[in-house]
Structure formats: C-alpha cells, structure tokens
Amino acid sequence: MNELIEQILSYLRGIWRNRWYAIACTWLVCLIGWGVVLLLPDQYQASARVYVDTQTVLRPVLQGLTVDLNPNAQVELITRTLLSRPNLEKIAQSTGLDRQAKDAEALDGLLTRLSKDIGFAKSGADLYAITYTDPQPELAKKMVQTIVDVFEKNLVGNTQQGTDTALRFLGEQIREYEARLVEAEERLKAFKIKNAGRMPSEGQNYYGRMQQASNDLEAIRLDLAQAENRRAALQQQLGAALQQQAKSDSAAGGETPEAAVVLPVDTRIQALERQLDQLLIQYTDKHPDVNILRKTISDLKKQQAQERAQYTASLPQSRTVISRTPKTYSFIDELRVKLAEEEANIASLQVRSAEYAKRYNELRGQASVLPQVEAELTSLNRDYEINRKKYDELISRRESLRLSEQAEQSKQDVRYRVVEPPRVPPIPSGPKRLLLMSLVLGVGLGAGVGLALLVSQLWPTFDNRRSLMQITNIPVLGSVGVVLSPLALRREHRMVAVYALSVGALFLAYGGLMAWQLFGTRYNFLAG
C-alpha cells in the first residue's frame with residue numbers, strides 16, 4: 001500500500017514539475033475547441049403537435065394480431081407508415097430540397113437524412129410531436145408545415161384504403177377456406193358412404209359399442225331365462241289343473257278327454273301363428289324374424305303330436321263325456337292365456353337374443369377394422385371442424401370490419417387533427433454550446449495533465465532515495481536538500497504566481513464565454 005501511495009505521489013510531483021506543458025496544452029486545446037464551438041451555426045427546431053387516432057390508422061395493419069402493441073411499438077409503426085419514401089419525396093419536392101440532389105444517389109442520401117432528422121414522438125394520449133431542426137428557422141418551419149400537410153392528406157385517405165385492403169385480404173382467405181371446407185365435406189361424405197354400417201354410434205367408439213352389445217346380450221339372455229322359468233311354472237300349474245279336471249270329469253262322464261284337453265304347446269303354436277301373421281304384414285317371407293318364427297312353429301307342431309300321443313296313452317280305456325264345472329274351466333282358461341302370453345314373450349325374446357348375438361359376433365369379427373375406421377373418421381372430423389371454425393371466424397371478422405367502417409363513416413370520427421400549428425422559437429435550440437464548452441474545458445485539462453505525465457515519464461527524475469537505490473542497486477546513505485537563495489526563491493514565487501494567473505485566466509475565459517452565451521442569448525430573445 002505504501003509503495004502504491006509513493007508511486008502516486010511520484011506521478012503528481014512529475015506532473016507538477018512539467019506544469020507549464022500542462023497549462024500550455026490546456027490553453028491550446030481550449031482555444032481551438034471554444035473557437036470551433038462558437039463557429040457552429042445555430043440550429044432552430046420547428047415543432048407541431050397533432051392528434052392521430054392510432055387505433056383507426058393501425059386497424060388494417062393490426063387486424064388479426066392476438067397481442068396488444070405497447071406505445072413505443074405503436075409510435076415506431078406509425079413513424080414507418082408516415083415517413084415512407086413516397087411521403088419523404090413529396091416533402092422534399094414541396095420544400096425545394098430535392099433541387100440540391102444532382103443524381104439518384106444524392107436524392108437517396110437526402111431522403112435518408114430527412115427520415116433521421118424528422119422527429120415523431122408520442123407526447124400524450126394519441127398526441128404526437130413532429131419536429132425538425134435546421135440552421136434556417138424559416139426552412140425548419142416550412143418543413144414541419146409540409147410534413148403536417150402531407151401526413152394529413154395521406155392519413156385520411158389511407159385509412160379507407162387500408163380498410164379496403166383488409167377486406168380484399170379477408171375475401172381471399174374466405175374463398176380459400178371455403179374451398180378447403182367443401183373438400184373436407186366431400187372427403188367425409190365419401191368415407192361415410194364407403195364405410196356404411198361400420199360407423200360408430202353417437203358418442204361411442206368401437207370398444208364402447210362392443211361393451212354395449214355384450215351388456216345387451218347378457219340382459220336379453222337373463223330376461224329369456226326368467227321368461228322360461230315363468231313358463232315352466234305356468235305349465236306345472238296348468239298340468240295340475242288339467243289332471244284335477246280330468247279326475248272330476250271321469251266320474252261324471254262326457255266327451256273324450258284327449259279331444260277336450262288343450263295342451264300348453266297348442267297355445268304356444270297359436271300365439272306364434274298370430275305373431276307370424278303380424279310380421280308378414282310388416283315384412284316379406286325372407287325376413288330373418290319370419291324364418292325364425294316359422295322354424296319355431298314347425299318344431300312345436302312336432303312336439304305337439306308327441307305330447308298328444310303321450311297324453312292319450314296315459315288316459316283310461318273307457319272314454320266318458322267330460323263335464324266341466326264353470327269354476328274349474330275359468331281357472332284353466334286363465335292359465336292358458338297367461339301361458340300363451342309367456343310363450344309369445346319367449347319367442348320375441350329369442351328373436352331379440354339371436355339378433356343381439358349376431359351383432360355381438362359381427363363386432364368381434366370386425367375387431368381389426370372398426371378401430372381404424374373410427375380413427376380415420378376422427379381425423380376427417382377434426383380437419384373439417386378446423387376448416388369450419390376458421391371459415392366462420394373469417395366471415396365474422398369481415399362483417400365486423402364492415403360494421404366498424406360504416407360506424408366510423410356515420411360518426412365521422414376525427415382521425416387526424418393539428419393541435420399546435422408549426423412554430424419556431426426565437427432562441428436557437430442548438431448547438432448546446434454551454435455543454436460543449438464545458439466538455440472542451442474538461443478535455444483540455446485532461447490533455448494538459450496527460451501531456452505533463454507523459455513528459456515526466458520520458459525524462460524521469462529521482463524523487464527519493466528508494467527509487468534511486470532500486471534503479472542503481474547502490475546503497476544510498478542520505479540526501480542533501482536544496483537551499484534556494486533569496487533571489488531564486490523570489491523567482492520561484494513569481495513563477496508560481498504566473499502559473500496561478502494563467503490557470504485563473506483559463507477559468508475566467510471559460511466563465512466569460514459561458515456568461516456571454518447565457519445572457520447574450522437571453523438579451524437577443526428579449527430584444528427580438
């Protein structure tokens with residue numbers, strides 16, 4: 001740490017020894033710099049404030065964006081719109097600046113400079129400031145006025161033009177998506193025709209349909225088993241009633257029992273024949289249900305012949321006339337009606353069971369086909385829905401754009417208005433001479449100190465014993481101080497005083513220039 005401090009002190013002593021180089025360099029830099037600053041031409045900034053409805057102007061450009069632009073992005077977008085090359089060419093022609101360009105390259109440079117020099121900044125809610133700086137105040141004001149006129153003319157007309165462009169774009173998109181929608185509908189229709197009978201039910205896929213068919217088959221088989229149990233119970237009740245009636249009638253005499261008895265199979269045959277008549281009214285002879293009923297009736301007739309033969313063989317040889325009591329006859333008829341109804345129900349359940357079994361087996365047989373059909377159908381439906389939603393969205397957007405255009409035309413909203421006309425202040429806006437002079441002074445002081453330090457390093461001296469010992473590697477026993485004579489001491493004091501006066505004169509010159517710039521400008525403003 002001590003070595004660092006000693007090194008810094010050595011640098012400071014070297015700068016002080018070469019202080020005349022420092023002050024001379026500082027004066028030279030300041031005189032040149034201040035002269036250049038004073039010779040810089042005055043810059044006058046003309047400005048105007050306008051009201052621009054950014055939502056109206058940017059609506060055709062921002063149509064379809066899903067995010068809101070921040071104010072800086074809006075300003076940049078409006079600046080690009082307003083400071084386009086055609087507008088800049090109109091401004092250059094109106095102000096006569098285009099006559100300064102001798103060729104196309106010079107014109108490009110002029111337009112580029114104008115795009116950089118013309119300022120367009122947001123100064124409030126939908127308020128924008130237009131500025132332009134030039135050494136000639138009249139030209140600066142004329143430039144801003146021309147910018148305002150060109151912008152006003154273009155913005156009012158470009159809004160309608162932008163709306164028309166947006167409508168044309170939407171029309172093209174609608175026609176494109178309409179063609180896509182028709183194509184998707186045709187693909188979907190062709191697929192449904194090709195895979196008729198394999199299409200999934202509403203809200204169910206293949207596995208859901210398979211599970212539903214299995215559940216239906218189990219349920220119908222359960223109902224069939226219950227119906228067969230009820231039929232067996234009715235047959236037992238009817239058989240017991242007939243035997244009881246036969247015993248009663250054999251004692252009283254009457255007609256032969258085999259002719260009077262109606263077997264359960266007889267009622268089943270009658271019920272099925274009635275059901276067959278009903279089916280023939282609705283269907284043809286080749287209908288599956290008709291064929292099943294006919295086969296069932298044929299089997300029952302064979303069973304009828306066997307049961308009647310067995311019943312006749314079981315009766316006694318003496319045949320007597322049967323005399324029925326009304327009470328027993330009514331009970332037997334009631335049982336026969338119930339049995340016939342149950343037989344008809346069983347026949348219907350058998351038909352339904354066969355149909356459900358057929359459906360279930362068909363679904364099992366199509367296990368490798370139906371999932372693929374459902375996947376392709378889902379893909380086609382998804383493509384169709386995407387195109388339909390996009391088509392509906394474009395239609396809605398076009399109608400909204402038309403309604404907005406009609407509403408704006410009916411209300412005649414203000415889209416562009418000059419709030420503050422172009423004006424040029426009498427005081428120059430630039431250059432910032434006070435700041436520039438201060439910078440020149442700082443640069444001059446830095447250059448002087450740097451030059452003094454450089455000279456001290458080019459012609460170094462020994463300030464202490466340590467530095468001498470480090471350089472020569474010779475032990476230094478001591479040092480002898482310089483004793484100045486009174487004459488030399490007075491001369492040294494005079495030199496320090498002259499140096500202080502030169503430094504003071506430098507800052508006095510700086511202060512005078514600053515005061516002249518500050519108060520002189522104000523005086524000119526008040527005098528003007």
# chains A, B, ... in the order shown; residues from 1 in each chain; ligands from 1
>>> residues_around(residues="Asn229 in chain A", least_positions_apart="5", cutoff="12 Å", atoms="only C-alpha atoms", output="list in words")
Leu222, Asp223, Leu224, Leu234, Gln235, Gln236, Leu339, Glu342, Glu343 and Ile346 of chain A
>>> residues_around(residues="range 3-13 of chain A", least_positions_apart="6", cutoff="12 Å", atoms="only C-alpha atoms", output="list of chain:residue names")
A:Arg19, A:Val449, A:Gly450, A:Ala452, A:Leu453, A:Leu454, A:Val455, A:Ser456, A:Gln457, A:Pro460, A:Thr461, A:Phe462, A:Asp463, A:Asn464, A:Arg465, A:Arg466, A:Ser467
>>> residues_around(residues="range 27-29 of chain A", least_positions_apart="2", cutoff="10 Å", atoms="only C-alpha atoms", output="list in words")
Ala22, Ile23, Ala24, Cys25, Leu31, Ile32, Gly33, Trp34, Gly35, Val440, Leu441, Gly442, Val443, Gly444, Leu445, Gly446, Ala447, Gly448, Ser502, Val503, Ala505 and Leu506 of chain A
>>> write_last_selection(atoms="N, CA and C atoms", output="PDB file, in the first residue's frame")
ATOM      1  N   ALA A  22       1.532  21.364 -19.198  1.00  0.00           N
ATOM      2  CA  ALA A  22       0.107  21.099 -18.968  1.00  0.00           C
ATOM      3  C   ALA A  22      -0.741  22.330 -19.252  1.00  0.00           C
ATOM      4  N   ILE A  23      -0.333  23.499 -18.714  1.00  0.00           N
ATOM      5  CA  ILE A  23      -1.158  24.689 -18.908  1.00  0.00           C
ATOM      6  C   ILE A  23      -1.124  25.148 -20.359  1.00  0.00           C
ATOM      7  N   ALA A  24       0.040  24.969 -21.014  1.00  0.00           N
ATOM      8  CA  ALA A  24       0.122  25.369 -22.425  1.00  0.00           C
ATOM      9  C   ALA A  24      -0.786  24.488 -23.286  1.00  0.00           C
ATOM     10  N   CYS A  25      -0.755  23.198 -23.025  1.00  0.00           N
ATOM     11  CA  CYS A  25      -1.617  22.281 -23.799  1.00  0.00           C
ATOM     12  C   CYS A  25      -3.091  22.559 -23.524  1.00  0.00           C
ATOM     13  N   LEU A  31      -8.656  26.931 -26.549  1.00  0.00           N
ATOM     14  CA  LEU A  31      -8.843  27.989 -27.540  1.00  0.00           C
ATOM     15  C   LEU A  31      -9.373  27.421 -28.854  1.00  0.00           C
ATOM     16  N   ILE A  32      -8.781  26.316 -29.280  1.00  0.00           N
ATOM     17  CA  ILE A  32      -9.255  25.712 -30.535  1.00  0.00           C
ATOM     18  C   ILE A  32     -10.682  25.191 -30.378  1.00  0.00           C
ATOM     19  N   GLY A  33     -10.941  24.477 -29.284  1.00  0.00           N
ATOM     20  CA  GLY A  33     -12.273  23.904 -29.083  1.00  0.00           C
ATOM     21  C   GLY A  33     -13.342  24.962 -28.933  1.00  0.00           C
ATOM     22  N   TRP A  34     -13.059  26.002 -28.125  1.00  0.00           N
ATOM     23  CA  TRP A  34     -14.064  27.058 -27.948  1.00  0.00           C
ATOM     24  C   TRP A  34     -14.310  27.802 -29.255  1.00  0.00           C
ATOM     25  N   GLY A  35     -13.249  27.977 -30.025  1.00  0.00           N
ATOM     26  CA  GLY A  35     -13.447  28.634 -31.314  1.00  0.00           C
ATOM     27  C   GLY A  35     -14.350  27.828 -32.227  1.00  0.00           C
ATOM     28  N   VAL A 440     -15.169  20.913 -23.700  1.00  0.00           N
ATOM     29  CA  VAL A 440     -13.860  21.341 -24.216  1.00  0.00           C
ATOM     30  C   VAL A 440     -12.907  21.634 -23.066  1.00  0.00           C
ATOM     31  N   LEU A 441     -13.408  22.300 -22.021  1.00  0.00           N
ATOM     32  CA  LEU A 441     -12.555  22.585 -20.866  1.00  0.00           C
ATOM     33  C   LEU A 441     -12.081  21.294 -20.215  1.00  0.00           C
ATOM     34  N   GLY A 442     -12.984  20.353 -20.037  1.00  0.00           N
ATOM     35  CA  GLY A 442     -12.585  19.081 -19.441  1.00  0.00           C
ATOM     36  C   GLY A 442     -11.566  18.347 -20.288  1.00  0.00           C
ATOM     37  N   VAL A 443     -11.783  18.355 -21.601  1.00  0.00           N
ATOM     38  CA  VAL A 443     -10.825  17.693 -22.488  1.00  0.00           C
ATOM     39  C   VAL A 443      -9.478  18.396 -22.441  1.00  0.00           C
ATOM     40  N   GLY A 444      -9.486  19.739 -22.397  1.00  0.00           N
ATOM     41  CA  GLY A 444      -8.224  20.483 -22.336  1.00  0.00           C
ATOM     42  C   GLY A 444      -7.454  20.188 -21.067  1.00  0.00           C
ATOM     43  N   LEU A 445      -8.152  20.175 -19.925  1.00  0.00           N
ATOM     44  CA  LEU A 445      -7.465  19.861 -18.672  1.00  0.00           C
ATOM     45  C   LEU A 445      -6.905  18.444 -18.698  1.00  0.00           C
ATOM     46  N   GLY A 446      -7.705  17.520 -19.203  1.00  0.00           N
ATOM     47  CA  GLY A 446      -7.208  16.147 -19.281  1.00  0.00           C
ATOM     48  C   GLY A 446      -6.017  16.022 -20.205  1.00  0.00           C
ATOM     49  N   ALA A 447      -6.061  16.738 -21.342  1.00  0.00           N
ATOM     50  CA  ALA A 447      -4.929  16.679 -22.267  1.00  0.00           C
ATOM     51  C   ALA A 447      -3.677  17.283 -21.645  1.00  0.00           C
ATOM     52  N   GLY A 448      -3.829  18.400 -20.904  1.00  0.00           N
ATOM     53  CA  GLY A 448      -2.666  19.019 -20.269  1.00  0.00           C
ATOM     54  C   GLY A 448      -2.050  18.123 -19.224  1.00  0.00           C
ATOM     55  N   SER A 502      -2.299  32.161 -14.947  1.00  0.00           N
ATOM     56  CA  SER A 502      -2.668  31.527 -16.221  1.00  0.00           C
ATOM     57  C   SER A 502      -3.834  30.555 -16.031  1.00  0.00           C
ATOM     58  N   VAL A 503      -3.801  29.833 -14.909  1.00  0.00           N
ATOM     59  CA  VAL A 503      -4.936  28.921 -14.630  1.00  0.00           C
ATOM     60  C   VAL A 503      -6.196  29.723 -14.366  1.00  0.00           C
ATOM     61  N   ALA A 505      -6.850  32.712 -15.436  1.00  0.00           N
ATOM     62  CA  ALA A 505      -7.302  33.315 -16.693  1.00  0.00           C
ATOM     63  C   ALA A 505      -8.058  32.303 -17.544  1.00  0.00           C
ATOM     64  N   LEU A 506      -7.618  31.051 -17.476  1.00  0.00           N
ATOM     65  CA  LEU A 506      -8.324  30.000 -18.234  1.00  0.00           C
ATOM     66  C   LEU A 506      -9.770  29.860 -17.753  1.00  0.00           C
TER      67      LEU A 506
END
>>> closest_residue(among="A:Arg231, A:Ile386, A:Cys30, A:Ile292", to="Ala184 in chain A", atoms="only C-alpha atoms")
A:Ile386
>>> closest_residue(among="A:Val482, A:Arg388, A:Leu477, A:Leu403", to="Leu181 in chain A", atoms="only C-alpha atoms")
A:Arg388
>>> residues_around(residues="range 279-282 of chain A", least_positions_apart="4", cutoff="12 Å", atoms="only C-alpha atoms", output="ChimeraX atom specification")
/A:272-275,286-294,348
